[in-house]
$ cat data.pdb   # PDB, C-alpha atoms, pLDDT in the B column
ATOM      1  CA  GLU A  26     -43.412 -32.530  -9.116  1.00 81.00           C
ATOM      2  CA  VAL A  27     -46.759 -30.781  -8.718  1.00 83.00           C
ATOM      3  CA  ILE A  28     -47.599 -28.436  -5.834  1.00 84.00           C
ATOM      4  CA  VAL A  29     -51.293 -27.902  -5.129  1.00 83.00           C
ATOM      5  CA  GLY A  30     -53.028 -25.576  -2.692  1.00 83.00           C
ATOM      6  CA  PRO A  31     -54.474 -26.627   0.682  1.00 82.00           C
ATOM      7  CA  ASP A  32     -58.062 -26.466  -0.621  1.00 85.00           C
ATOM      8  CA  THR A  33     -57.417 -28.819  -3.550  1.00 86.00           C
ATOM      9  CA  THR A  34     -59.432 -32.036  -3.270  1.00 85.00           C
ATOM     10  CA  SER A  35     -58.588 -33.549  -6.651  1.00 86.00           C
ATOM     11  CA  TYR A  36     -56.000 -33.295  -9.403  1.00 85.00           C
ATOM     12  CA  SER A  37     -56.095 -34.710 -12.940  1.00 86.00           C
ATOM     13  CA  LEU A  38     -52.976 -36.046 -14.615  1.00 85.00           C
ATOM     14  CA  ALA A  39     -52.849 -35.235 -18.336  1.00 84.00           C
ATOM     15  CA  ASP A  40     -50.887 -36.587 -21.318  1.00 82.00           C
ATOM     16  CA  LEU A  41     -50.253 -40.014 -19.810  1.00 83.00           C
ATOM     17  CA  SER A  42     -49.117 -42.787 -22.127  1.00 80.00           C
ATOM     18  CA  PRO A  43     -51.470 -45.763 -22.648  1.00 77.00           C
ATOM     19  CA  SER A  44     -50.699 -49.161 -21.095  1.00 78.00           C
ATOM     20  CA  THR A  45     -48.050 -47.636 -18.832  1.00 85.00           C
ATOM     21  CA  HIS A  46     -47.295 -48.144 -15.109  1.00 88.00           C
ATOM     22  CA  TYR A  47     -47.174 -44.932 -13.059  1.00 90.00           C
ATOM     23  CA  THR A  48     -46.198 -44.316  -9.442  1.00 93.00           C
ATOM     24  CA  VAL A  49     -47.707 -41.312  -7.651  1.00 91.00           C
ATOM     25  CA  LYS A  50     -46.261 -40.121  -4.337  1.00 92.00           C
ATOM     26  CA  ILE A  51     -48.207 -37.655  -2.178  1.00 91.00           C
ATOM     27  CA  GLN A  52     -46.909 -35.697   0.801  1.00 90.00           C
ATOM     28  CA  ALA A  53     -48.373 -32.753   2.714  1.00 89.00           C
ATOM     29  CA  LEU A  54     -46.119 -29.823   3.599  1.00 88.00           C
ATOM     30  CA  ARG A  55     -46.573 -27.162   6.285  1.00 86.00           C
ATOM     31  CA  GLY A  56     -43.585 -24.955   6.765  1.00 87.00           C
ATOM     32  CA  SER A  57     -40.708 -27.285   7.572  1.00 88.00           C
ATOM     33  CA  LEU A  58     -43.054 -30.126   8.573  1.00 91.00           C
ATOM     34  CA  ARG A  59     -43.765 -33.017   6.209  1.00 89.00           C
ATOM     35  CA  SER A  60     -46.415 -35.715   6.454  1.00 90.00           C
ATOM     36  CA  ARG A  61     -45.842 -39.390   5.937  1.00 92.00           C
ATOM     37  CA  LEU A  62     -45.296 -40.186   2.235  1.00 90.00           C
ATOM     38  CA  ILE A  63     -48.254 -41.923   0.602  1.00 91.00           C
ATOM     39  CA  GLN A  64     -47.647 -43.873  -2.598  1.00 92.00           C
ATOM     40  CA  THR A  65     -50.003 -45.380  -5.140  1.00 91.00           C
ATOM     41  CA  ILE A  66     -49.272 -47.307  -8.324  1.00 91.00           C
ATOM     42  CA  PHE A  67     -51.626 -47.546 -11.285  1.00 88.00           C
ATOM     43  CA  THR A  68     -51.601 -48.603 -14.924  1.00 87.00           C
ATOM     44  CA  THR A  69     -53.288 -46.599 -17.650  1.00 85.00           C
ATOM     45  CA  ILE A  70     -55.662 -48.451 -19.930  1.00 81.00           C
ATOM     46  CA  GLY A  71     -54.554 -49.531 -23.389  1.00 80.00           C
ATOM     47  CA  LEU A  72     -55.603 -47.885 -26.614  1.00 84.00           C
ATOM     48  CA  LEU A  73     -58.828 -49.072 -28.187  1.00 83.00           C
ATOM     49  CA  TYR A  74     -56.904 -49.323 -31.475  1.00 86.00           C
ATOM     50  CA  PRO A  75     -53.131 -49.794 -30.892  1.00 88.00           C
ATOM     51  CA  PHE A  76     -52.568 -49.653 -34.662  1.00 91.00           C
ATOM     52  CA  PRO A  77     -55.371 -47.444 -36.040  1.00 90.00           C
ATOM     53  CA  ARG A  78     -56.365 -48.149 -39.656  1.00 86.00           C
ATOM     54  CA  ASP A  79     -57.718 -44.655 -40.306  1.00 83.00           C
ATOM     55  CA  CYS A  80     -58.404 -41.252 -38.778  1.00 83.00           C
ATOM     56  CA  SER A  81     -61.688 -42.377 -37.222  1.00 80.00           C
ATOM     57  CA  GLN A  82     -59.872 -45.038 -35.182  1.00 85.00           C
ATOM     58  CA  ALA A  83     -57.232 -42.480 -34.166  1.00 87.00           C
ATOM     59  CA  MET A  84     -60.085 -40.266 -32.956  1.00 82.00           C
ATOM     60  CA  LEU A  85     -61.600 -43.150 -30.982  1.00 80.00           C
ATOM     61  CA  ASN A  86     -58.189 -43.507 -29.309  1.00 82.00           C
ATOM     62  CA  GLY A  87     -58.670 -39.998 -27.937  1.00 79.00           C
ATOM     63  CA  ASP A  88     -56.752 -37.977 -30.527  1.00 82.00           C
ATOM     64  CA  THR A  89     -59.067 -35.046 -31.200  1.00 80.00           C
ATOM     65  CA  THR A  90     -56.680 -32.433 -32.612  1.00 86.00           C
ATOM     66  CA  SER A  91     -56.277 -32.123 -36.378  1.00 85.00           C
ATOM     67  CA  GLY A  92     -52.746 -32.903 -37.519  1.00 88.00           C
ATOM     68  CA  LEU A  93     -50.355 -35.601 -38.703  1.00 91.00           C
ATOM     69  CA  TYR A  94     -51.000 -39.119 -37.428  1.00 92.00           C
ATOM     70  CA  THR A  95     -49.604 -42.548 -38.157  1.00 92.00           C
ATOM     71  CA  ILE A  96     -52.152 -45.062 -39.412  1.00 88.00           C
ATOM     72  CA  TYR A  97     -51.527 -48.704 -40.267  1.00 90.00           C
ATOM     73  CA  ILE A  98     -52.805 -50.429 -43.402  1.00 84.00           C
ATOM     74  CA  ASN A  99     -55.205 -53.188 -42.276  1.00 83.00           C
ATOM     75  CA  GLY A 100     -53.988 -52.616 -38.694  1.00 86.00           C
ATOM     76  CA  ASP A 101     -50.570 -54.093 -39.579  1.00 89.00           C
ATOM     77  CA  LYS A 102     -47.830 -52.385 -37.535  1.00 90.00           C
ATOM     78  CA  SER A 103     -45.297 -53.055 -40.316  1.00 92.00           C
ATOM     79  CA  GLN A 104     -47.362 -50.979 -42.790  1.00 88.00           C
ATOM     80  CA  ALA A 105     -47.247 -47.525 -41.212  1.00 90.00           C
ATOM     81  CA  LEU A 106     -48.412 -44.488 -43.165  1.00 88.00           C
ATOM     82  CA  GLU A 107     -48.320 -40.850 -42.063  1.00 87.00           C
ATOM     83  CA  VAL A 108     -51.510 -38.951 -42.934  1.00 83.00           C
ATOM     84  CA  TYR A 109     -53.201 -35.670 -42.065  1.00 83.00           C
ATOM     85  CA  CYS A 110     -56.391 -36.175 -40.036  1.00 84.00           C
ATOM     86  CA  ASP A 111     -59.081 -33.494 -39.915  1.00 78.00           C
ATOM     87  CA  MET A 112     -60.599 -34.113 -36.476  1.00 78.00           C
ATOM     88  CA  THR A 113     -62.849 -31.033 -36.357  1.00 74.00           C
ATOM     89  CA  SER A 114     -65.195 -31.573 -39.308  1.00 66.00           C
ATOM     90  CA  ASP A 115     -66.303 -34.217 -41.733  1.00 57.00           C
ATOM     91  CA  GLY A 116     -63.461 -32.938 -43.909  1.00 61.00           C
ATOM     92  CA  GLY A 117     -63.552 -34.179 -47.481  1.00 69.00           C
ATOM     93  CA  LEU A 118     -67.304 -34.528 -47.841  1.00 84.00           C
ATOM     94  CA  ASP A 119     -67.911 -31.035 -46.496  1.00 82.00           C
ATOM     95  CA  ASN A 120     -65.301 -29.710 -48.905  1.00 77.00           C
ATOM     96  CA  LEU A 121     -66.788 -31.592 -51.870  1.00 84.00           C
ATOM     97  CA  SER A 122     -70.242 -30.323 -50.991  1.00 89.00           C
ATOM     98  CA  LYS A 123     -69.096 -26.692 -50.840  1.00 86.00           C
ATOM     99  CA  ILE A 124     -67.051 -26.933 -54.028  1.00 83.00           C
ATOM    100  CA  THR A 125     -69.703 -28.662 -56.145  1.00 91.00           C
ATOM    101  CA  ALA A 126     -72.409 -26.261 -54.900  1.00 91.00           C
ATOM    102  CA  GLN A 127     -70.595 -23.411 -56.692  1.00 87.00           C
ATOM    103  CA  GLY A 128     -71.517 -24.539 -60.200  1.00 88.00           C
ATOM    104  CA  GLN A 129     -71.404 -27.474 -62.614  1.00 91.00           C
ATOM    105  CA  TYR A 130     -68.589 -29.956 -62.039  1.00 93.00           C
ATOM    106  CA  GLU A 131     -67.388 -33.092 -63.811  1.00 94.00           C
ATOM    107  CA  LEU A 132     -66.248 -36.341 -62.201  1.00 94.00           C
ATOM    108  CA  ARG A 133     -63.619 -38.515 -63.854  1.00 94.00           C
ATOM    109  CA  VAL A 134     -62.682 -41.937 -62.458  1.00 93.00           C
ATOM    110  CA  ASP A 135     -59.547 -43.633 -63.812  1.00 92.00           C
ATOM    111  CA  LEU A 136     -59.063 -47.325 -63.078  1.00 90.00           C
ATOM    112  CA  GLN A 137     -55.976 -49.454 -63.630  1.00 88.00           C
ATOM    113  CA  ASP A 138     -55.213 -53.041 -62.658  1.00 85.00           C
ATOM    114  CA  HIS A 139     -52.802 -55.652 -64.020  1.00 85.00           C
ATOM    115  CA  GLY A 140     -51.883 -53.486 -66.997  1.00 87.00           C
ATOM    116  CA  GLU A 141     -55.490 -52.811 -68.024  1.00 91.00           C
ATOM    117  CA  SER A 142     -57.092 -49.399 -67.726  1.00 94.00           C
ATOM    118  CA  ALA A 143     -60.558 -47.876 -68.070  1.00 94.00           C
ATOM    119  CA  PHE A 144     -62.250 -44.601 -67.228  1.00 96.00           C
ATOM    120  CA  ALA A 145     -65.656 -43.138 -66.519  1.00 96.00           C
ATOM    121  CA  VAL A 146     -66.647 -39.487 -66.919  1.00 96.00           C
ATOM    122  CA  TYR A 147     -69.833 -37.908 -65.535  1.00 96.00           C
ATOM    123  CA  ASP A 148     -70.380 -34.412 -66.871  1.00 96.00           C
ATOM    124  CA  ARG A 149     -72.636 -33.479 -63.936  1.00 96.00           C
ATOM    125  CA  PHE A 150     -71.351 -34.295 -60.452  1.00 96.00           C
ATOM    126  CA  SER A 151     -72.228 -32.939 -57.035  1.00 96.00           C
ATOM    127  CA  VAL A 152     -72.295 -33.948 -53.377  1.00 95.00           C
ATOM    128  CA  GLY A 153     -75.071 -32.645 -51.128  1.00 95.00           C
ATOM    129  CA  ASP A 154     -74.656 -31.053 -47.718  1.00 92.00           C
ATOM    130  CA  ALA A 155     -74.502 -32.709 -44.299  1.00 89.00           C
ATOM    131  CA  LYS A 156     -78.298 -32.432 -43.898  1.00 92.00           C
ATOM    132  CA  SER A 157     -78.758 -34.647 -46.983  1.00 94.00           C
ATOM    133  CA  ARG A 158     -76.054 -37.017 -45.676  1.00 92.00           C
ATOM    134  CA  TYR A 159     -73.876 -35.934 -48.624  1.00 94.00           C
ATOM    135  CA  LYS A 160     -76.232 -37.200 -51.326  1.00 96.00           C
ATOM    136  CA  LEU A 161     -74.466 -38.112 -54.570  1.00 96.00           C
ATOM    137  CA  LYS A 162     -75.491 -36.778 -57.970  1.00 97.00           C
ATOM    138  CA  VAL A 163     -73.845 -38.218 -61.105  1.00 97.00           C
ATOM    139  CA  GLU A 164     -75.276 -37.813 -64.611  1.00 97.00           C
ATOM    140  CA  GLY A 165     -74.084 -37.776 -68.207  1.00 97.00           C
ATOM    141  CA  TYR A 166     -71.850 -40.853 -68.381  1.00 97.00           C
ATOM    142  CA  SER A 167     -69.211 -41.476 -71.033  1.00 97.00           C
ATOM    143  CA  GLY A 168     -66.131 -43.687 -71.028  1.00 96.00           C
ATOM    144  CA  THR A 169     -64.911 -47.278 -71.135  1.00 96.00           C
ATOM    145  CA  ALA A 170     -65.436 -48.471 -67.545  1.00 94.00           C
ATOM    146  CA  GLY A 171     -69.215 -48.848 -67.657  1.00 93.00           C
ATOM    147  CA  ASP A 172     -71.889 -46.739 -65.990  1.00 95.00           C
ATOM    148  CA  SER A 173     -71.704 -48.401 -62.561  1.00 92.00           C
ATOM    149  CA  MET A 174     -71.899 -45.135 -60.612  1.00 94.00           C
ATOM    150  CA  ASN A 175     -75.427 -44.518 -61.931  1.00 94.00           C
ATOM    151  CA  TYR A 176     -76.659 -47.275 -59.574  1.00 94.00           C
ATOM    152  CA  HIS A 177     -75.502 -45.086 -56.676  1.00 95.00           C
ATOM    153  CA  ASN A 178     -76.987 -41.826 -57.991  1.00 96.00           C
ATOM    154  CA  GLY A 179     -79.156 -40.126 -55.369  1.00 95.00           C
ATOM    155  CA  ARG A 180     -77.782 -42.184 -52.487  1.00 95.00           C
ATOM    156  CA  SER A 181     -76.576 -40.758 -49.170  1.00 94.00           C
ATOM    157  CA  PHE A 182     -73.063 -41.477 -47.949  1.00 93.00           C
ATOM    158  CA  SER A 183     -73.079 -44.580 -45.755  1.00 91.00           C
ATOM    159  CA  THR A 184     -70.491 -45.528 -43.131  1.00 88.00           C
ATOM    160  CA  TYR A 185     -70.194 -48.436 -40.708  1.00 84.00           C
ATOM    161  CA  ASP A 186     -71.439 -46.258 -37.842  1.00 85.00           C
ATOM    162  CA  LYS A 187     -74.031 -44.273 -39.858  1.00 87.00           C
ATOM    163  CA  ASP A 188     -75.693 -46.893 -42.040  1.00 90.00           C
ATOM    164  CA  THR A 189     -77.900 -45.180 -44.653  1.00 89.00           C
ATOM    165  CA  ASP A 190     -78.002 -47.889 -47.326  1.00 91.00           C
ATOM    166  CA  SER A 191     -81.152 -49.809 -48.267  1.00 89.00           C
ATOM    167  CA  ALA A 192     -79.668 -53.269 -47.667  1.00 90.00           C
ATOM    168  CA  ILE A 193     -80.551 -55.531 -44.751  1.00 89.00           C
ATOM    169  CA  THR A 194     -76.840 -55.733 -43.901  1.00 88.00           C
ATOM    170  CA  ASN A 195     -74.477 -52.852 -43.168  1.00 90.00           C
ATOM    171  CA  CYS A 196     -72.756 -52.436 -46.556  1.00 89.00           C
ATOM    172  CA  ALA A 197     -69.884 -50.283 -45.258  1.00 88.00           C
ATOM    173  CA  LEU A 198     -69.070 -52.921 -42.653  1.00 87.00           C
ATOM    174  CA  SER A 199     -69.470 -55.827 -45.073  1.00 86.00           C
ATOM    175  CA  TYR A 200     -67.372 -54.284 -47.843  1.00 84.00           C
ATOM    176  CA  LYS A 201     -64.734 -52.532 -45.712  1.00 81.00           C
ATOM    177  CA  GLY A 202     -65.261 -48.936 -46.729  1.00 84.00           C
ATOM    178  CA  ALA A 203     -67.686 -46.029 -46.716  1.00 89.00           C
ATOM    179  CA  PHE A 204     -69.512 -45.195 -49.954  1.00 91.00           C
ATOM    180  CA  TRP A 205     -72.823 -44.103 -51.476  1.00 93.00           C
ATOM    181  CA  TYR A 206     -74.237 -47.608 -51.029  1.00 92.00           C
ATOM    182  CA  LYS A 207     -77.638 -48.741 -52.177  1.00 92.00           C
ATOM    183  CA  ASN A 208     -78.145 -52.519 -51.902  1.00 90.00           C
ATOM    184  CA  CYS A 209     -75.101 -52.672 -51.679  1.00 90.00           C
ATOM    185  CA  HIS A 210     -73.067 -51.619 -54.735  1.00 90.00           C
ATOM    186  CA  ARG A 211     -72.145 -51.993 -58.394  1.00 89.00           C
ATOM    187  CA  VAL A 212     -68.855 -50.186 -57.835  1.00 88.00           C
ATOM    188  CA  ASN A 213     -66.967 -49.678 -54.571  1.00 83.00           C
ATOM    189  CA  LEU A 214     -64.171 -47.181 -55.130  1.00 86.00           C
ATOM    190  CA  MET A 215     -63.417 -46.839 -51.416  1.00 79.00           C
ATOM    191  CA  GLY A 216     -63.601 -50.500 -50.442  1.00 75.00           C
ATOM    192  CA  ARG A 217     -60.894 -53.107 -50.072  1.00 71.00           C
ATOM    193  CA  TYR A 218     -58.604 -53.186 -53.115  1.00 67.00           C
ATOM    194  CA  GLY A 219     -58.922 -56.341 -55.206  1.00 66.00           C
ATOM    195  CA  ASP A 220     -62.290 -57.385 -53.753  1.00 66.00           C
ATOM    196  CA  ASN A 221     -64.462 -58.015 -56.824  1.00 66.00           C
ATOM    197  CA  ASN A 222     -67.551 -59.144 -54.896  1.00 67.00           C
ATOM    198  CA  HIS A 223     -70.704 -57.137 -55.428  1.00 61.00           C
ATOM    199  CA  SER A 224     -73.909 -57.208 -53.430  1.00 56.00           C
ATOM    200  CA  GLN A 225     -74.440 -60.676 -52.007  1.00 49.00           C
TER     201      GLN A 225
END
$ encode --input "data.pdb" --output "structure tokens"
Amino acid sequence: EVIVGPDTTSYSLADLSPSTHYTVKIQALRGSLRSRLIQTIFTTIGLLYPFPRDCSQAMLNGDTTSGLYTIYINGDKSQALEVYCDMTSDGGLDNLSKITAQGQYELRVDLQDHGESAFAVYDRFSVGDAKSRYKLKVEGYSGTAGDSMNYHNGRSFSTYDKDTDSAITNCALSYKGAFWYKNCHRVNLMGRYGDNNHSQ
């Protein structure tokens, strides 16, 4: 029950569940007198993403506070995963930019699949700031995986909604993950696992 003052012309209901029927009953009171009861029924709209795949979809659902959220691998409700979502900043990229701006850092990538393993080491690694769209710098390769990251050196970070690659298509959308795409990639460490397709 909510009691509002006589000068109130509107009232917002907060924390309602999506896709839910609600009944609102309104009655005016003056001393011991009561007006006729007015009733209205409404249904809240559904979530844009009922089973969000990542933090960005959780944010599009209206969750704007950093904290623990449940995401669903490939939107499959049977594959729930609890993760921490940073809703107030760009999170990881900002952190990488600040950390690698402090001095010289090394990047090591370890790969394993079907019992085989390989690695790549870059003895100079940095990520630029937000103004540069988190430009990647990788130099000084050694390892067994091949120097595929060199193709992406100097590229800005590209996402499905902020397409900065040089391809005609949207690489992040086509290859299911954000990355430092060019046209589009030689390696896609954040794309769909098991997808061996390169730029088409």
$ residues_around --input "data.pdb" --residues "segment 159-174 of chain A" --least-positions-apart "2" --cutoff "9 Å" --atoms "all atoms listed in the file" --output "PyMOL selection string"
chain A and resi 118-119+121-122+131-132+134-136+142-157+176-182+205+210-212
$ resolve_selection --input "data.pdb" --expression "the PyMOL selection byres ((chain A and resi 189) around 9)" --output "list in words"
Arg158, Arg180, Ser181, Phe182, Ser183, Thr184, Lys187, Asp188, Asp190, Ser191, Ala192, Asn195, Trp205, Tyr206 and Lys207 of chain A
$ atom_distance --input "data.pdb" --atom1 "atom CA of Pro75 of chain A" --atom2 "atom CA of Asp88 of chain A"
12.4 Å
$ atom_distance --input "data.pdb" --atom1 "atom CA of Asp111 of chain A" --atom2 "atom CA of Tyr200 of chain A"
23.7 Å
$ atom_distance --input "data.pdb" --atom1 "atom CA of Asp40 of chain A" --atom2 "atom CA of Val108 of chain A"
21.8 Å
$ resolve_selection --input "data.pdb" --expression "the PyMOL selection byres ((chain A and resi 92) around 9)" --output "PDB file with C-alpha atoms, in the coordinates of the input"
ATOM      1  CA  THR A  90     -56.680 -32.433 -32.612  1.00 86.00           C
ATOM      2  CA  SER A  91     -56.277 -32.123 -36.378  1.00 85.00           C
ATOM      3  CA  LEU A  93     -50.355 -35.601 -38.703  1.00 91.00           C
ATOM      4  CA  TYR A  94     -51.000 -39.119 -37.428  1.00 92.00           C
ATOM      5  CA  VAL A 108     -51.510 -38.951 -42.934  1.00 83.00           C
ATOM      6  CA  TYR A 109     -53.201 -35.670 -42.065  1.00 83.00           C
ATOM      7  CA  CYS A 110     -56.391 -36.175 -40.036  1.00 84.00           C
ATOM      8  CA  ASP A 111     -59.081 -33.494 -39.915  1.00 78.00           C
ATOM      9  CA  MET A 112     -60.599 -34.113 -36.476  1.00 78.00           C
TER      10      MET A 112
END
$ axis_aligned_box --input "data.pdb" --around "segment 94-102 of chain A" --padding-each-side "3 Å" --output "lines of an AutoDock Vina configuration file"
center_x = -51.5
center_y = -46.6
center_z = -40.4
size_x = 13.4
size_y = 21.0
size_z = 12.0
$ resolve_selection --input "data.pdb" --expression "the PyMOL selection byres ((chain A and resi 59-66) around 7)" --output "list in words"
Tyr47, Thr48, Val49, Lys50, Ile51, Gln52, Ala53, Leu54, Arg55, Ser57, Leu58 and Phe67 of chain A
$ residues_around --input "data.pdb" --residues "Arg217 of chain A" --least-positions-apart "6" --cutoff "10 Å" --atoms "only C-alpha atoms" --output "list in words"
Asn99, Tyr200, Lys201 and Gly202 of chain A
$ residues_around --input "data.pdb" --residues "Leu72 of chain A" --least-positions-apart "6" --cutoff "12 Å" --atoms "only C-alpha atoms" --output "list in words"
Leu41, Ser42, Pro43, Ser44, Thr45, Gln82, Ala83, Met84, Leu85, Asn86, Gly87 and Asp88 of chain A
$ closest_residue --input "data.pdb" --among "A:Asp138, A:Ala203, A:Phe76, A:Ile28" --to "Lys102 of chain A" --atoms "all atoms listed in the file"
A:Phe76
$ build_atoms --input "data.pdb" --residues "segment 71-95 of chain A" --atoms "N, CA and C atoms" --output "tab-separated table (two decimals), in the frame of the given file"
chain	number	residue	atom	x	y	z
A	71	GLY	N	-55.12	-49.48	-22.04
A	71	GLY	CA	-54.55	-49.53	-23.39
A	71	GLY	C	-55.42	-48.78	-24.38
A	72	LEU	N	-54.85	-48.54	-25.55
A	72	LEU	CA	-55.60	-47.88	-26.61
A	72	LEU	C	-56.66	-48.83	-27.16
A	73	LEU	N	-57.79	-48.28	-27.55
A	73	LEU	CA	-58.83	-49.07	-28.19
A	73	LEU	C	-58.30	-49.67	-29.48
A	74	TYR	N	-57.52	-48.87	-30.22
A	74	TYR	CA	-56.90	-49.32	-31.48
A	74	TYR	C	-55.40	-49.04	-31.41
A	75	PRO	N	-54.58	-50.02	-30.98
A	75	PRO	CA	-53.13	-49.79	-30.89
A	75	PRO	C	-52.51	-49.42	-32.24
A	76	PHE	N	-53.06	-49.96	-33.32
A	76	PHE	CA	-52.57	-49.65	-34.66
A	76	PHE	C	-53.75	-49.19	-35.51
A	77	PRO	N	-54.17	-47.92	-35.35
A	77	PRO	CA	-55.37	-47.44	-36.04
A	77	PRO	C	-55.26	-47.54	-37.55
A	78	ARG	N	-56.33	-48.00	-38.19
A	78	ARG	CA	-56.36	-48.15	-39.66
A	78	ARG	C	-56.64	-46.83	-40.36
A	79	ASP	N	-57.32	-45.90	-39.67
A	79	ASP	CA	-57.72	-44.66	-40.31
A	79	ASP	C	-57.90	-43.57	-39.24
A	80	CYS	N	-58.26	-42.39	-39.69
A	80	CYS	CA	-58.40	-41.25	-38.78
A	80	CYS	C	-59.53	-41.46	-37.77
A	81	SER	N	-60.58	-42.17	-38.16
A	81	SER	CA	-61.69	-42.38	-37.22
A	81	SER	C	-61.24	-43.23	-36.04
A	82	GLN	N	-60.38	-44.23	-36.28
A	82	GLN	CA	-59.87	-45.04	-35.18
A	82	GLN	C	-58.89	-44.24	-34.32
A	83	ALA	N	-58.11	-43.36	-34.95
A	83	ALA	CA	-57.23	-42.48	-34.17
A	83	ALA	C	-58.06	-41.59	-33.25
A	84	MET	N	-59.20	-41.11	-33.77
A	84	MET	CA	-60.08	-40.27	-32.96
A	84	MET	C	-60.68	-41.06	-31.79
A	85	LEU	N	-61.06	-42.30	-32.05
A	85	LEU	CA	-61.60	-43.15	-30.98
A	85	LEU	C	-60.55	-43.47	-29.92
A	86	ASN	N	-59.28	-43.34	-30.28
A	86	ASN	CA	-58.19	-43.51	-29.31
A	86	ASN	C	-58.02	-42.28	-28.43
A	87	GLY	N	-58.75	-41.20	-28.75
A	87	GLY	CA	-58.67	-40.00	-27.94
A	87	GLY	C	-57.94	-38.85	-28.59
A	88	ASP	N	-57.44	-39.05	-29.81
A	88	ASP	CA	-56.75	-37.98	-30.53
A	88	ASP	C	-57.80	-37.10	-31.21
A	89	THR	N	-57.99	-35.90	-30.69
A	89	THR	CA	-59.07	-35.05	-31.20
A	89	THR	C	-58.57	-33.76	-31.85
A	90	THR	N	-57.26	-33.62	-31.98
A	90	THR	CA	-56.68	-32.43	-32.61
A	90	THR	C	-56.28	-32.76	-34.04
A	91	SER	N	-56.67	-31.92	-34.98
A	91	SER	CA	-56.28	-32.12	-36.38
A	91	SER	C	-54.76	-32.03	-36.51
A	92	GLY	N	-54.19	-32.91	-37.32
A	92	GLY	CA	-52.75	-32.90	-37.52
A	92	GLY	C	-52.27	-34.19	-38.15
A	93	LEU	N	-50.95	-34.40	-38.12
A	93	LEU	CA	-50.36	-35.60	-38.70
A	93	LEU	C	-50.45	-36.76	-37.72
A	94	TYR	N	-50.90	-37.91	-38.23
A	94	TYR	CA	-51.00	-39.12	-37.43
A	94	TYR	C	-50.45	-40.29	-38.23
A	95	THR	N	-50.04	-41.32	-37.51
A	95	THR	CA	-49.60	-42.55	-38.16
A	95	THR	C	-50.76	-43.53	-38.14
